[in-house]
Amino acid sequence: MHADIVVLPGDGIGPEIVAATLPVLQAVAARHGHEFRFTEHDIGGIAIDRHGVPLPDATLAAARTADAVLLGAVGGPKWSDPKAKVRPEQGLLAIRKALGLFANLRPVKPHAAALDASPIKPELLQDVDIVVVRELTGGIYFGDKTRSDTDATDLCRYSVAEVERVVRRAATLARTRRGHLTSVDKANVLETSRLWRDVTTRVMRDEFADVTLEHQLVDSMAMHLLSKPRAYDVIVTENMFGDILTDEASMLAGSLGLLASASLGEGKVGIYEPIHGSAPDIAGRGIANPYATILSAAMLLRHSLGLEAEAASIEAAVSAALDARVFTADLAPAGQAVDTTQAAQAVIDRLR
Ligand code: IPM
Ligand code: MG
């Protein structure tokens with residue numbers, strides 16, 4: 001098949017992990033007789049530097065007509081002045097919103113070889129297999145903001161329809177897995193959470209009687225995620241809770257550098273990006289872990305292009321590279337790390 005893939009390297013380690021991932025996609029294309037066309041555009045800090053805005057019109061226009069978008073990371077100290085009018089992160093939020101990508105899938109499945117990299121006891125990590133479905137275009141991230149000399153506000157708003165669609169997406173996914181959905185909110189305090197809980201309960205009762213539903217408050221969820229991660233299958237939650245809980249969940253996998261994501265809407269186009277940030281502290285050194293981006297590319301093949309076998313072949317190759325202990329510095333014992341390019345090459349070498 002032919003596919004147009006828009007590539008948004010962004011800032012910090014973004015360009016390095018994306019550059020390492022494209023050859024993996026090319027190798028898959030060559031082996032399976034596909035043709036992927038990559039078109040690169042600016043987003044984030046680099047876009048501010050070059051165009052004055054974090055999401056240039058040309059970037060959004062290209063993304064709208066693409067089959068899928070592969071993104072590195074945005075942000076960095078250069079653009080982090082609290083007084084700055086524009087920030088790189090606004091570009092990321094704006095493109096998610098503009099493309100209507102309301103469901104952000106973040107799988108968490110600790111790999112056996114990386115178990116000792118996790119601060120959690122290995123016996124707790126055995127058989128952990130979670131997908132967090134984070135609502136991505138609503139909530140406090142997108143509500144009105146105000147700022148004066150003496151105070152500031154961020155409005156958190158959710159509509160019934162926004163909750164319904166993300167819960168349906170998560171429940172549909174749970175149905176193909178172990179049939180268990182955990183909805184996370186703060187219904188003992190927040191009105192938006194009470195709406196979330198009501199809508200979730202109704203949708204699940206009326207449409208997903210075959211999927212079991214459990215409600216958790218976000219504070220206790222933060223604890224259970226580490227104390228009994230095996231108890232969870234699909235977790236659905238609002239935007240900010242999902243942001244926080246998935247960084248926490250990455251510790252189950254041993255490194256933030258292993259967690260991929262897919263941001264999906266009603267259509268085919270999605271944004272695929274690692275859940276980690278631009279890691280300015282290690283940027284430019286070629287040592288970043290490319291696996292999360294490579295695994296995001298696998299999700300791209302699966303969800304936007306419908307290439308399940310190809311997606312699975314990338315995932316198996318990453319798994320094999322981890323089995324062979326091809327680790328970047330975030331996972332390796334001192335002195336035994338490979339660099340970004342070597343890690344990506346190890347994946348290519350193990351593609352079926
Ligand atoms: C993420 C990131 C972003 C978010 C930032 C960079 C705006 O933390 O994708 O998890 O908060 O959504
Ligand atoms: Mg985050």
# chains A, B, ... in the order shown; residues from 1 in each chain; ligands from 1
$ closest_atom_pairs --of "chain A" --to "ligand 1" --cutoff "7 Å" --atoms "only C-alpha atoms and all ligand atoms" --output "CSV"
residue,atom,partner,partner_atom_place_in_ligand_line,distance
A:Val74,CA,ligand 1,6 (C),6.2
A:Gly75,CA,ligand 1,6 (C),6.9
A:Glu89,CA,ligand 1,7 (C),4.6
A:Leu92,CA,ligand 1,7 (C),6.4
A:Leu93,CA,ligand 1,7 (C),6.4
A:Asp243,CA,ligand 1,10 (O),4.9
A:Ile275,CA,ligand 1,10 (O),5.2
A:His276,CA,ligand 1,10 (O),6.6
A:Gly277,CA,ligand 1,6 (C),6.0
$ residues_near_ligand --ligand "ligand 2" --cutoff "10 Å" --atoms "only C-alpha atoms and all ligand atoms" --output "PyMOL selection string"
chain A and resi 239-248+274-277
$ write_last_selection --atoms "N, CA and C atoms" --output "PDB file, in the first residue's frame"
ATOM      1  N   ASN A 239      -8.294  13.948  30.894  1.00  0.00           N
ATOM      2  CA  ASN A 239      -7.031  14.379  30.310  1.00  0.00           C
ATOM      3  C   ASN A 239      -5.868  14.484  31.307  1.00  0.00           C
ATOM      4  N   MET A 240      -6.017  15.283  32.342  1.00  0.00           N
ATOM      5  CA  MET A 240      -4.868  15.511  33.222  1.00  0.00           C
ATOM      6  C   MET A 240      -4.557  14.289  34.084  1.00  0.00           C
ATOM      7  N   PHE A 241      -5.599  13.601  34.565  1.00  0.00           N
ATOM      8  CA  PHE A 241      -5.330  12.395  35.357  1.00  0.00           C
ATOM      9  C   PHE A 241      -4.565  11.375  34.497  1.00  0.00           C
ATOM     10  N   GLY A 242      -4.949  11.298  33.222  1.00  0.00           N
ATOM     11  CA  GLY A 242      -4.294  10.352  32.319  1.00  0.00           C
ATOM     12  C   GLY A 242      -2.848  10.718  32.057  1.00  0.00           C
ATOM     13  N   ASP A 243      -2.580  12.004  31.978  1.00  0.00           N
ATOM     14  CA  ASP A 243      -1.204  12.474  31.790  1.00  0.00           C
ATOM     15  C   ASP A 243      -0.345  12.013  32.961  1.00  0.00           C
ATOM     16  N   ILE A 244      -0.842  12.238  34.165  1.00  0.00           N
ATOM     17  CA  ILE A 244      -0.066  11.938  35.368  1.00  0.00           C
ATOM     18  C   ILE A 244       0.063  10.424  35.583  1.00  0.00           C
ATOM     19  N   LEU A 245      -1.058   9.723  35.477  1.00  0.00           N
ATOM     20  CA  LEU A 245      -1.025   8.278  35.749  1.00  0.00           C
ATOM     21  C   LEU A 245      -0.142   7.509  34.754  1.00  0.00           C
ATOM     22  N   THR A 246      -0.028   8.008  33.509  1.00  0.00           N
ATOM     23  CA  THR A 246       0.798   7.253  32.551  1.00  0.00           C
ATOM     24  C   THR A 246       2.293   7.487  32.758  1.00  0.00           C
ATOM     25  N   ASP A 247       2.683   8.649  33.230  1.00  0.00           N
ATOM     26  CA  ASP A 247       4.096   8.787  33.612  1.00  0.00           C
ATOM     27  C   ASP A 247       4.386   7.843  34.779  1.00  0.00           C
ATOM     28  N   GLU A 248       3.455   7.766  35.709  1.00  0.00           N
ATOM     29  CA  GLU A 248       3.628   6.844  36.831  1.00  0.00           C
ATOM     30  C   GLU A 248       3.699   5.401  36.311  1.00  0.00           C
ATOM     31  N   PRO A 274       5.838   8.928  21.361  1.00  0.00           N
ATOM     32  CA  PRO A 274       6.194   8.366  22.664  1.00  0.00           C
ATOM     33  C   PRO A 274       5.539   9.212  23.751  1.00  0.00           C
ATOM     34  N   ILE A 275       5.286   8.630  24.929  1.00  0.00           N
ATOM     35  CA  ILE A 275       4.646   9.441  25.975  1.00  0.00           C
ATOM     36  C   ILE A 275       5.650  10.361  26.666  1.00  0.00           C
ATOM     37  N   HIS A 276       6.934  10.095  26.459  1.00  0.00           N
ATOM     38  CA  HIS A 276       7.937  10.934  27.130  1.00  0.00           C
ATOM     39  C   HIS A 276       8.088  12.287  26.432  1.00  0.00           C
ATOM     40  N   GLY A 277       8.825  13.170  27.074  1.00  0.00           N
ATOM     41  CA  GLY A 277       9.021  14.510  26.550  1.00  0.00           C
ATOM     42  C   GLY A 277      10.305  14.639  25.741  1.00  0.00           C
TER      43      GLY A 277
END
$ residues_around --residues "Lys228 of chain A" --least-positions-apart "6" --cutoff "12 Å" --atoms "only C-alpha atoms" --output "list in words"
Ile120, Lys121, Pro122, Glu123, Leu124, Leu125, Gln126, Asp127, Val128, Asp129, Ile130, Ser220, Met221, Ala222, Ala249 and Leu252 of chain A
$ closest_residue --among "A:Ala3, A:Ala94, A:Leu55, A:Leu115" --to "Gly138 of chain A" --atoms "only C-alpha atoms"
A:Ala94
$ residues_around --residues "Leu99 of chain A" --least-positions-apart "3" --cutoff "7 Å" --atoms "only C-alpha atoms" --output "compact mmCIF listing (two decimals) with C-alpha atoms, in the first residue's frame"
# COMPACT_ATOMS: atom_id res chain seq x y z
CA ARG A 64 -5.11 16.86 7.88
CA ILE A 95 -2.91 19.73 16.66
CA ARG A 96 -4.55 17.08 18.89
$ residues_around --residues "Ala171 of chain A" --least-positions-apart "4" --cutoff "9 Å" --atoms "only C-alpha atoms" --output "ChimeraX atom specification"
/A:166-167,175-176,179-181,204,208,211,234,236
$ select_by_dssp --residues "segment 140-332 of chain A" --states "helix (DSSP H, G or I)" --output "MDAnalysis selection string"
chainID A and resid 140:141 160:175 191:207 218:227 229:231 239:253 256:258 291:303 308:323
